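J.: As input, take input36.pdb (PDB, N, CA and C atoms):
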```pdb
ATOM      1  N   MET E   1      63.227  21.656  16.929
ATOM      2  CA  MET E   1      64.019  21.886  15.742
ATOM      3  C   MET E   1      65.194  20.910  15.690
ATOM      4  N   ARG E   2      65.680  20.547  16.874
ATOM      5  CA  ARG E   2      66.783  19.588  16.940
ATOM      6  C   ARG E   2      66.417  18.272  16.276
ATOM      7  N   GLU E   3      65.190  17.821  16.499
ATOM      8  CA  GLU E   3      64.756  16.550  15.926
ATOM      9  C   GLU E   3      64.775  16.597  14.400
ATOM     10  N   PHE E   4      64.418  17.730  13.817
ATOM     11  CA  PHE E   4      64.453  17.847  12.360
ATOM     12  C   PHE E   4      65.875  17.713  11.845
ATOM     13  N   TYR E   5      66.826  18.280  12.581
ATOM     14  CA  TYR E   5      68.221  18.227  12.158
ATOM     15  C   TYR E   5      68.827  16.849  12.396
ATOM     16  N   VAL E   6      68.626  16.299  13.583
ATOM     17  CA  VAL E   6      69.270  15.036  13.941
ATOM     18  C   VAL E   6      68.532  13.836  13.340
ATOM     19  N   ALA E   7      67.253  13.690  13.647
ATOM     20  CA  ALA E   7      66.502  12.517  13.186
ATOM     21  C   ALA E   7      66.072  12.647  11.726
ATOM     22  N   GLY E   8      65.702  13.857  11.324
ATOM     23  CA  GLY E   8      65.200  14.057   9.966
ATOM     24  C   GLY E   8      66.274  14.315   8.936
ATOM     25  N   ARG E   9      67.481  14.634   9.394
ATOM     26  CA  ARG E   9      68.587  14.969   8.498
ATOM     27  C   ARG E   9      68.237  16.106   7.544
ATOM     28  N   GLY E  10      67.575  17.126   8.119
ATOM     29  CA  GLY E  10      67.205  18.299   7.342
ATOM     30  C   GLY E  10      66.889  19.436   8.288
ATOM     31  N   THR E  11      66.142  20.412   7.797
ATOM     32  CA  THR E  11      65.784  21.567   8.618
ATOM     33  C   THR E  11      64.301  21.884   8.405
ATOM     34  N   LEU E  12      63.845  22.956   9.037
ATOM     35  CA  LEU E  12      62.486  23.431   8.810
ATOM     36  C   LEU E  12      62.396  24.270   7.546
ATOM     37  N   ALA E  13      63.532  24.655   7.006
ATOM     38  CA  ALA E  13      63.568  25.506   5.816
ATOM     39  C   ALA E  13      63.110  24.729   4.579
ATOM     40  N   PRO E  14      62.336  25.370   3.704
ATOM     41  CA  PRO E  14      61.846  24.673   2.509
ATOM     42  C   PRO E  14      62.958  24.212   1.569
ATOM     43  N   TRP E  15      64.104  24.883   1.582
ATOM     44  CA  TRP E  15      65.197  24.502   0.691
ATOM     45  C   TRP E  15      66.037  23.344   1.246
ATOM     46  N   ALA E  16      65.789  22.948   2.502
ATOM     47  CA  ALA E  16      66.505  21.807   3.097
ATOM     48  C   ALA E  16      65.561  21.003   3.990
ATOM     49  N   PRO E  17      64.491  20.452   3.413
ATOM     50  CA  PRO E  17      63.514  19.728   4.237
ATOM     51  C   PRO E  17      64.102  18.434   4.788
ATOM     52  N   PRO E  18      63.482  17.852   5.794
ATOM     53  CA  PRO E  18      64.002  16.600   6.352
ATOM     54  C   PRO E  18      63.963  15.479   5.314
ATOM     55  N   LYS E  19      64.966  14.628   5.363
ATOM     56  CA  LYS E  19      65.035  13.487   4.453
ATOM     57  C   LYS E  19      64.321  12.267   5.037
ATOM     58  N   HIS E  20      64.129  12.274   6.352
ATOM     59  CA  HIS E  20      63.453  11.181   7.051
ATOM     60  C   HIS E  20      62.291  11.758   7.853
ATOM     61  N   LEU E  21      61.230  10.975   7.989
ATOM     62  CA  LEU E  21      60.087  11.395   8.786
ATOM     63  C   LEU E  21      60.500  11.477  10.256
ATOM     64  N   VAL E  22      60.226  12.593  10.890
ATOM     65  CA  VAL E  22      60.604  12.805  12.288
ATOM     66  C   VAL E  22      59.466  12.309  13.185
ATOM     67  N   THR E  23      59.763  11.269  13.977
ATOM     68  CA  THR E  23      58.755  10.673  14.861
ATOM     69  C   THR E  23      59.273  10.518  16.287
ATOM     70  N   THR E  24      60.380  11.142  16.576
ATOM     71  CA  THR E  24      61.002  11.027  17.897
ATOM     72  C   THR E  24      60.819  12.314  18.689
ATOM     73  N   GLY E  25      61.259  12.290  19.942
ATOM     74  CA  GLY E  25      61.142  13.472  20.791
ATOM     75  C   GLY E  25      59.681  13.839  20.976
ATOM     76  N   PRO E  26      59.356  15.118  20.912
ATOM     77  CA  PRO E  26      57.964  15.536  21.116
ATOM     78  C   PRO E  26      57.035  15.053  20.001
ATOM     79  N   TYR E  27      57.602  14.641  18.880
ATOM     80  CA  TYR E  27      56.796  14.155  17.758
ATOM     81  C   TYR E  27      56.233  12.754  18.003
ATOM     82  N   ARG E  28      56.604  12.138  19.110
ATOM     83  CA  ARG E  28      56.000  10.851  19.500
ATOM     84  C   ARG E  28      54.571  11.051  19.976
ATOM     85  N   ARG E  29      54.261  12.230  20.521
ATOM     86  CA  ARG E  29      52.949  12.500  21.116
ATOM     87  C   ARG E  29      52.058  13.423  20.285
ATOM     88  N   SER E  30      52.666  14.203  19.408
ATOM     89  CA  SER E  30      51.920  15.148  18.577
ATOM     90  C   SER E  30      52.633  15.293  17.244
ATOM     91  N   ARG E  31      51.860  15.373  16.173
ATOM     92  CA  ARG E  31      52.487  15.576  14.862
ATOM     93  C   ARG E  31      52.924  17.024  14.674
ATOM     94  N   ASN E  32      52.467  17.932  15.537
ATOM     95  CA  ASN E  32      52.773  19.356  15.393
ATOM     96  C   ASN E  32      53.097  20.019  16.732
ATOM     97  N   PRO E  33      54.072  19.522  17.470
ATOM     98  CA  PRO E  33      54.316  20.080  18.803
ATOM     99  C   PRO E  33      54.788  21.528  18.812
ATOM    100  N   MET E  34      55.481  21.973  17.782
ATOM    101  CA  MET E  34      55.925  23.369  17.773
ATOM    102  C   MET E  34      54.738  24.313  17.639
ATOM    103  N   TYR E  35      53.794  23.961  16.781
ATOM    104  CA  TYR E  35      52.594  24.791  16.646
ATOM    105  C   TYR E  35      51.791  24.795  17.942
ATOM    106  N   VAL E  36      51.677  23.641  18.574
ATOM    107  CA  VAL E  36      50.953  23.556  19.851
ATOM    108  C   VAL E  36      51.622  24.480  20.871
ATOM    109  N   GLY E  37      52.943  24.472  20.911
ATOM    110  CA  GLY E  37      53.672  25.328  21.845
ATOM    111  C   GLY E  37      53.446  26.805  21.597
ATOM    112  N   VAL E  38      53.515  27.223  20.343
ATOM    113  CA  VAL E  38      53.322  28.641  20.011
ATOM    114  C   VAL E  38      51.916  29.096  20.387
ATOM    115  N   ILE E  39      50.921  28.310  20.043
ATOM    116  CA  ILE E  39      49.535  28.688  20.341
ATOM    117  C   ILE E  39      49.286  28.695  21.841
ATOM    118  N   THR E  40      49.874  27.742  22.554
ATOM    119  CA  THR E  40      49.746  27.710  24.014
ATOM    120  C   THR E  40      50.356  28.958  24.640
ATOM    121  N   ILE E  41      51.514  29.360  24.154
ATOM    122  CA  ILE E  41      52.155  30.578  24.667
ATOM    123  C   ILE E  41      51.273  31.800  24.400
ATOM    124  N   LEU E  42      50.739  31.922  23.199
ATOM    125  CA  LEU E  42      49.891  33.073  22.883
ATOM    126  C   LEU E  42      48.644  33.115  23.763
ATOM    127  N   ILE E  43      48.021  31.972  23.964
ATOM    128  CA  ILE E  43      46.836  31.930  24.830
ATOM    129  C   ILE E  43      47.226  32.260  26.272
ATOM    130  N   GLY E  44      48.367  31.746  26.716
ATOM    131  CA  GLY E  44      48.846  32.063  28.065
ATOM    132  C   GLY E  44      49.092  33.547  28.244
ATOM    133  N   TRP E  45      49.716  34.178  27.254
ATOM    134  CA  TRP E  45      49.950  35.616  27.332
ATOM    135  C   TRP E  45      48.633  36.383  27.376
ATOM    136  N   SER E  46      47.660  35.939  26.575
ATOM    137  CA  SER E  46      46.375  36.644  26.574
ATOM    138  C   SER E  46      45.703  36.549  27.933
ATOM    139  N   MET E  47      45.899  35.412  28.618
ATOM    140  CA  MET E  47      45.337  35.265  29.968
ATOM    141  C   MET E  47      46.128  36.087  30.979
ATOM    142  N   LEU E  48      47.454  36.060  30.872
ATOM    143  CA  LEU E  48      48.309  36.796  31.793
ATOM    144  C   LEU E  48      47.999  38.290  31.776
ATOM    145  N   TRP E  49      47.834  38.832  30.571
ATOM    146  CA  TRP E  49      47.588  40.258  30.440
ATOM    147  C   TRP E  49      46.108  40.591  30.263
ATOM    148  N   ASP E  50      45.256  39.590  30.421
ATOM    149  CA  ASP E  50      43.806  39.772  30.287
ATOM    150  C   ASP E  50      43.483  40.554  29.013
ATOM    151  N   SER E  51      44.063  40.065  27.896
ATOM    152  CA  SER E  51      43.959  40.773  26.625
ATOM    153  C   SER E  51      43.061  40.022  25.643
ATOM    154  N   ARG E  52      41.910  40.592  25.385
ATOM    155  CA  ARG E  52      41.004  40.001  24.391
ATOM    156  C   ARG E  52      41.633  40.081  23.000
ATOM    157  N   THR E  53      42.347  41.153  22.716
ATOM    158  CA  THR E  53      42.999  41.320  21.413
ATOM    159  C   THR E  53      44.016  40.210  21.179
ATOM    160  N   LEU E  54      44.815  39.924  22.185
ATOM    161  CA  LEU E  54      45.815  38.866  22.055
ATOM    162  C   LEU E  54      45.150  37.498  21.928
ATOM    163  N   LEU E  55      44.038  37.281  22.592
ATOM    164  CA  LEU E  55      43.304  36.025  22.453
ATOM    165  C   LEU E  55      42.783  35.872  21.022
ATOM    166  N   ILE E  56      42.241  36.948  20.474
ATOM    167  CA  ILE E  56      41.766  36.901  19.087
ATOM    168  C   ILE E  56      42.929  36.606  18.146
ATOM    169  N   TYR E  57      44.065  37.235  18.393
ATOM    170  CA  TYR E  57      45.265  36.973  17.591
ATOM    171  C   TYR E  57      45.654  35.495  17.689
ATOM    172  N   ALA E  58      45.644  34.944  18.896
ATOM    173  CA  ALA E  58      45.985  33.534  19.091
ATOM    174  C   ALA E  58      45.037  32.627  18.306
ATOM    175  N   LEU E  59      43.765  32.954  18.304
ATOM    176  CA  LEU E  59      42.787  32.152  17.573
ATOM    177  C   LEU E  59      42.977  32.260  16.058
ATOM    178  N   VAL E  60      43.341  33.456  15.582
ATOM    179  CA  VAL E  60      43.617  33.631  14.156
ATOM    180  C   VAL E  60      44.867  32.833  13.767
ATOM    181  N   VAL E  61      45.895  32.888  14.595
ATOM    182  CA  VAL E  61      47.105  32.108  14.340
ATOM    183  C   VAL E  61      46.773  30.620  14.332
ATOM    184  N   ALA E  62      45.974  30.162  15.287
ATOM    185  CA  ALA E  62      45.594  28.747  15.358
ATOM    186  C   ALA E  62      44.848  28.335  14.089
ATOM    187  N   ALA E  63      43.942  29.165  13.622
ATOM    188  CA  ALA E  63      43.198  28.851  12.401
ATOM    189  C   ALA E  63      44.130  28.794  11.187
ATOM    190  N   ALA E  64      45.056  29.745  11.096
ATOM    191  CA  ALA E  64      46.001  29.763   9.978
ATOM    192  C   ALA E  64      46.898  28.526  10.000
ATOM    193  N   VAL E  65      47.358  28.159  11.181
ATOM    194  CA  VAL E  65      48.194  26.964  11.327
ATOM    195  C   VAL E  65      47.410  25.723  10.916
ATOM    196  N   TYR E  66      46.170  25.631  11.363
ATOM    197  CA  TYR E  66      45.327  24.478  11.037
ATOM    198  C   TYR E  66      45.186  24.321   9.519
ATOM    199  N   VAL E  67      44.914  25.426   8.833
ATOM    200  CA  VAL E  67      44.759  25.387   7.378
ATOM    201  C   VAL E  67      46.079  25.005   6.713
ATOM    202  N   ARG E  68      47.178  25.580   7.182
ATOM    203  CA  ARG E  68      48.493  25.258   6.616
ATOM    204  C   ARG E  68      48.813  23.783   6.762
ATOM    205  N   VAL E  69      48.556  23.235   7.945
ATOM    206  CA  VAL E  69      48.831  21.818   8.186
ATOM    207  C   VAL E  69      47.990  20.947   7.257
ATOM    208  N   LEU E  70      46.696  21.253   7.149
ATOM    209  CA  LEU E  70      45.800  20.449   6.308
ATOM    210  C   LEU E  70      46.118  20.544   4.823
ATOM    211  N   LEU E  71      46.388  21.751   4.344
ATOM    212  CA  LEU E  71      46.532  21.956   2.900
ATOM    213  C   LEU E  71      47.955  21.832   2.373
ATOM    214  N   ALA E  72      48.950  22.016   3.226
ATOM    215  CA  ALA E  72      50.329  21.997   2.730
ATOM    216  C   ALA E  72      51.192  20.917   3.381
ATOM    217  N   GLU E  73      51.278  20.936   4.695
ATOM    218  CA  GLU E  73      52.246  20.065   5.357
ATOM    219  C   GLU E  73      51.887  18.588   5.306
ATOM    220  N   GLU E  74      50.640  18.252   5.583
ATOM    221  CA  GLU E  74      50.265  16.836   5.561
ATOM    222  C   GLU E  74      50.297  16.247   4.154
ATOM    223  N   PRO E  75      49.799  16.954   3.123
ATOM    224  CA  PRO E  75      49.946  16.401   1.766
ATOM    225  C   PRO E  75      51.420  16.226   1.366
ATOM    226  N   TRP E  76      52.275  17.170   1.773
ATOM    227  CA  TRP E  76      53.705  17.057   1.478
ATOM    228  C   TRP E  76      54.284  15.806   2.133
ATOM    229  N   ALA E  77      53.935  15.588   3.399
ATOM    230  CA  ALA E  77      54.435  14.402   4.110
ATOM    231  C   ALA E  77      53.935  13.113   3.460
ATOM    232  N   ALA E  78      52.685  13.102   3.037
ATOM    233  CA  ALA E  78      52.130  11.911   2.374
ATOM    234  C   ALA E  78      52.871  11.622   1.070
ATOM    235  N   ARG E  79      53.165  12.659   0.302
ATOM    236  CA  ARG E  79      53.898  12.470  -0.965
ATOM    237  C   ARG E  79      55.324  11.990  -0.739
ATOM    238  N   ASN E  80      55.973  12.529   0.290
ATOM    239  CA  ASN E  80      57.393  12.245   0.480
ATOM    240  C   ASN E  80      57.693  11.016   1.330
ATOM    241  N   PHE E  81      56.772  10.634   2.214
ATOM    242  CA  PHE E  81      57.059   9.532   3.123
ATOM    243  C   PHE E  81      56.080   8.369   3.013
ATOM    244  N   GLY E  82      55.056   8.494   2.178
ATOM    245  CA  GLY E  82      54.157   7.400   1.839
ATOM    246  C   GLY E  82      53.612   6.584   2.999
ATOM    247  N   ALA E  83      53.879   5.289   2.980
ATOM    248  CA  ALA E  83      53.337   4.357   3.976
ATOM    249  C   ALA E  83      53.842   4.681   5.384
ATOM    250  N   GLU E  84      55.068   5.147   5.489
ATOM    251  CA  GLU E  84      55.605   5.514   6.809
ATOM    252  C   GLU E  84      54.775   6.654   7.414
ATOM    253  N   TRP E  85      54.424   7.646   6.581
ATOM    254  CA  TRP E  85      53.579   8.753   7.032
ATOM    255  C   TRP E  85      52.202   8.248   7.451
ATOM    256  N   GLU E  86      51.605   7.377   6.653
ATOM    257  CA  GLU E  86      50.266   6.869   6.960
ATOM    258  C   GLU E  86      50.250   6.120   8.290
ATOM    259  N   ALA E  87      51.273   5.322   8.555
ATOM    260  CA  ALA E  87      51.356   4.590   9.830
ATOM    261  C   ALA E  87      51.520   5.578  10.990
ATOM    262  N   TYR E  88      52.375   6.564  10.817
ATOM    263  CA  TYR E  88      52.586   7.588  11.846
ATOM    264  C   TYR E  88      51.304   8.370  12.087
ATOM    265  N   ARG E  89      50.655   8.764  11.015
ATOM    266  CA  ARG E  89      49.405   9.518  11.096
ATOM    267  C   ARG E  89      48.327   8.730  11.840
ATOM    268  N   ALA E  90      48.310   7.431  11.657
ATOM    269  CA  ALA E  90      47.302   6.589  12.313
ATOM    270  C   ALA E  90      47.531   6.461  13.818
ATOM    271  N   ARG E  91      48.784   6.565  14.259
ATOM    272  CA  ARG E  91      49.052   6.332  15.687
ATOM    273  C   ARG E  91      49.302   7.597  16.514
ATOM    274  N   VAL E  92      49.587   8.732  15.848
ATOM    275  CA  VAL E  92      49.908   9.967  16.583
ATOM    276  C   VAL E  92      48.910  11.052  16.199
ATOM    277  N   PRO E  93      48.285  11.701  17.192
ATOM    278  CA  PRO E  93      47.303  12.737  16.877
ATOM    279  C   PRO E  93      47.963  13.987  16.276
ATOM    280  N   ARG E  94      47.173  14.707  15.508
ATOM    281  CA  ARG E  94      47.676  15.931  14.863
ATOM    282  C   ARG E  94      48.122  16.947  15.916
ATOM    283  N   TRP E  95      47.350  17.107  16.969
ATOM    284  CA  TRP E  95      47.686  18.053  18.034
ATOM    285  C   TRP E  95      48.019  17.234  19.273
ATOM    286  N   PHE E  96      47.181  17.143  20.241
ATOM    287  CA  PHE E  96      47.375  16.261  21.398
ATOM    288  C   PHE E  96      46.120  15.471  21.682
ATOM    289  N   ILE E  97      45.077  15.740  20.958
ATOM    290  CA  ILE E  97      43.790  15.129  21.198
ATOM    291  C   ILE E  97      43.482  14.115  20.121
TER     292      ILE E  97
END
```
What does the file become when written as structure tokens?
T.:
Amino acid sequence: MREFYVAGRGTLAPWAPPKHLVTTGPYRRSRNPMYVGVITILIGWSMLWDSRTLLIYALVVAAAVYVRVLLAEEPWAARNFGAEWEAYRARVPRWFI
């Protein structure tokens, strides 16, 4: 979140989005490191507590995040950051793979 405030000159909130494309910090290696972190934590908890229910929840969250990124966040970035977004998209994976 710090990177959005410092490098992006904005926030995660829709009413104050970043003014600059954030490509520093964890965003150098993944276009969505916060989502990767949340899903990793949920999967870890499901393993820790041997919970099939929590694993299913983690998978549902992962699917919802994937759809949100594809249908909302990436088109928004393309509209707002144009060629800079395309160059970033070409060199940094959406997740880590």
J.: As a check of understanding, name the residues that the PyMOL selection byres ((chain E and resi 20) around 6.5) selects in the supplied structure, as a list in words.
T.: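 For this structure, the PyMOL selection byres ((chain E and resi 20) around 6.5) resolves to Ala7, Gly8, Arg9, Gly10, Pro17, Pro18, Lys19, Leu21 and Val22 of chain E.
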J.: Can you list what the PyMOL selection byres (((chain E and resi 96 and name CA) around 9) and name CA) grabs from this structure, as a list in words?
T.: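 That expression, the PyMOL selection byres (((chain E and resi 96 and name CA) around 9) and name CA), corresponds here to Arg29, Ser30, Arg31, Asn32, Pro33, Val36, Val92, Pro93, Arg94, Trp95 and Ile97 of chain E.
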J.: Range 89-91 of chain E: which residues within 10 Å, counting only C-alpha atoms, same-chain residues fewer than 4 positions away excluded, as a ChimeraX atom specification?
T.: /E:28-31,74,77-78,83-85
J.: Restrict the selected residues to N, CA and C atoms and save them as a short mmCIF file (atom, residue, chain, number, x, y, z; two decimals), in the frame of the given file.
T.:
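The resulting file, selection-v7.cif, is shown below:
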```cif
data_model
loop_
_atom_site.label_atom_id
_atom_site.label_comp_id
_atom_site.auth_asym_id
_atom_site.auth_seq_id
_atom_site.Cartn_x
_atom_site.Cartn_y
_atom_site.Cartn_z
N ARG E 28 56.60 12.14 19.11
CA ARG E 28 56.00 10.85 19.50
C ARG E 28 54.57 11.05 19.98
N ARG E 29 54.26 12.23 20.52
CA ARG E 29 52.95 12.50 21.12
C ARG E 29 52.06 13.42 20.28
N SER E 30 52.67 14.20 19.41
CA SER E 30 51.92 15.15 18.58
C SER E 30 52.63 15.29 17.24
N ARG E 31 51.86 15.37 16.17
CA ARG E 31 52.49 15.58 14.86
C ARG E 31 52.92 17.02 14.67
N GLU E 74 50.64 18.25 5.58
CA GLU E 74 50.26 16.84 5.56
C GLU E 74 50.30 16.25 4.15
N ALA E 77 53.94 15.59 3.40
CA ALA E 77 54.44 14.40 4.11
C ALA E 77 53.94 13.11 3.46
N ALA E 78 52.68 13.10 3.04
CA ALA E 78 52.13 11.91 2.37
C ALA E 78 52.87 11.62 1.07
N ALA E 83 53.88 5.29 2.98
CA ALA E 83 53.34 4.36 3.98
C ALA E 83 53.84 4.68 5.38
N GLU E 84 55.07 5.15 5.49
CA GLU E 84 55.60 5.51 6.81
C GLU E 84 54.78 6.65 7.41
N TRP E 85 54.42 7.65 6.58
CA TRP E 85 53.58 8.75 7.03
C TRP E 85 52.20 8.25 7.45
#
```
J.: What is the atom N of Val6 in chain E to atom N of Ile41 in chain E distance in Å?
T.: 24.0 Å
J.: Please measure the separation of CA of Gly44 in chain E and atom N of Pro26 in chain E, giving the value in Å to one decimal.
T.: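 Taking CA of Gly44 in chain E as the start and atom N of Pro26 in chain E as the end point, the length is 21.2 Å.
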J.: Name the residues in contact with range 47-63 of chain E at a cut-off of 10 Å, using only C-alpha atoms, excluding same-chain residues fewer than 6 positions from it; report them as number ranges by chain.
T.: E: 35-36, 38-41, 69
J.: Would you work out the distance separating atom N of Ala87 in chain E from CA of Thr23 in chain E, expressed in Å to one decimal?
T.: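 Separation of atom N of Ala87 in chain E and CA of Thr23 in chain E: 11.2 Å.
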J.: Find the residue from E:Glu86, E:Met1, E:Pro75, E:Arg68 that sits nearest to Met34 in chain E; use all atoms listed in the file when measuring.
T.: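 Ranked by minimum distance to Met34 in chain E, first place goes to E:Met1.
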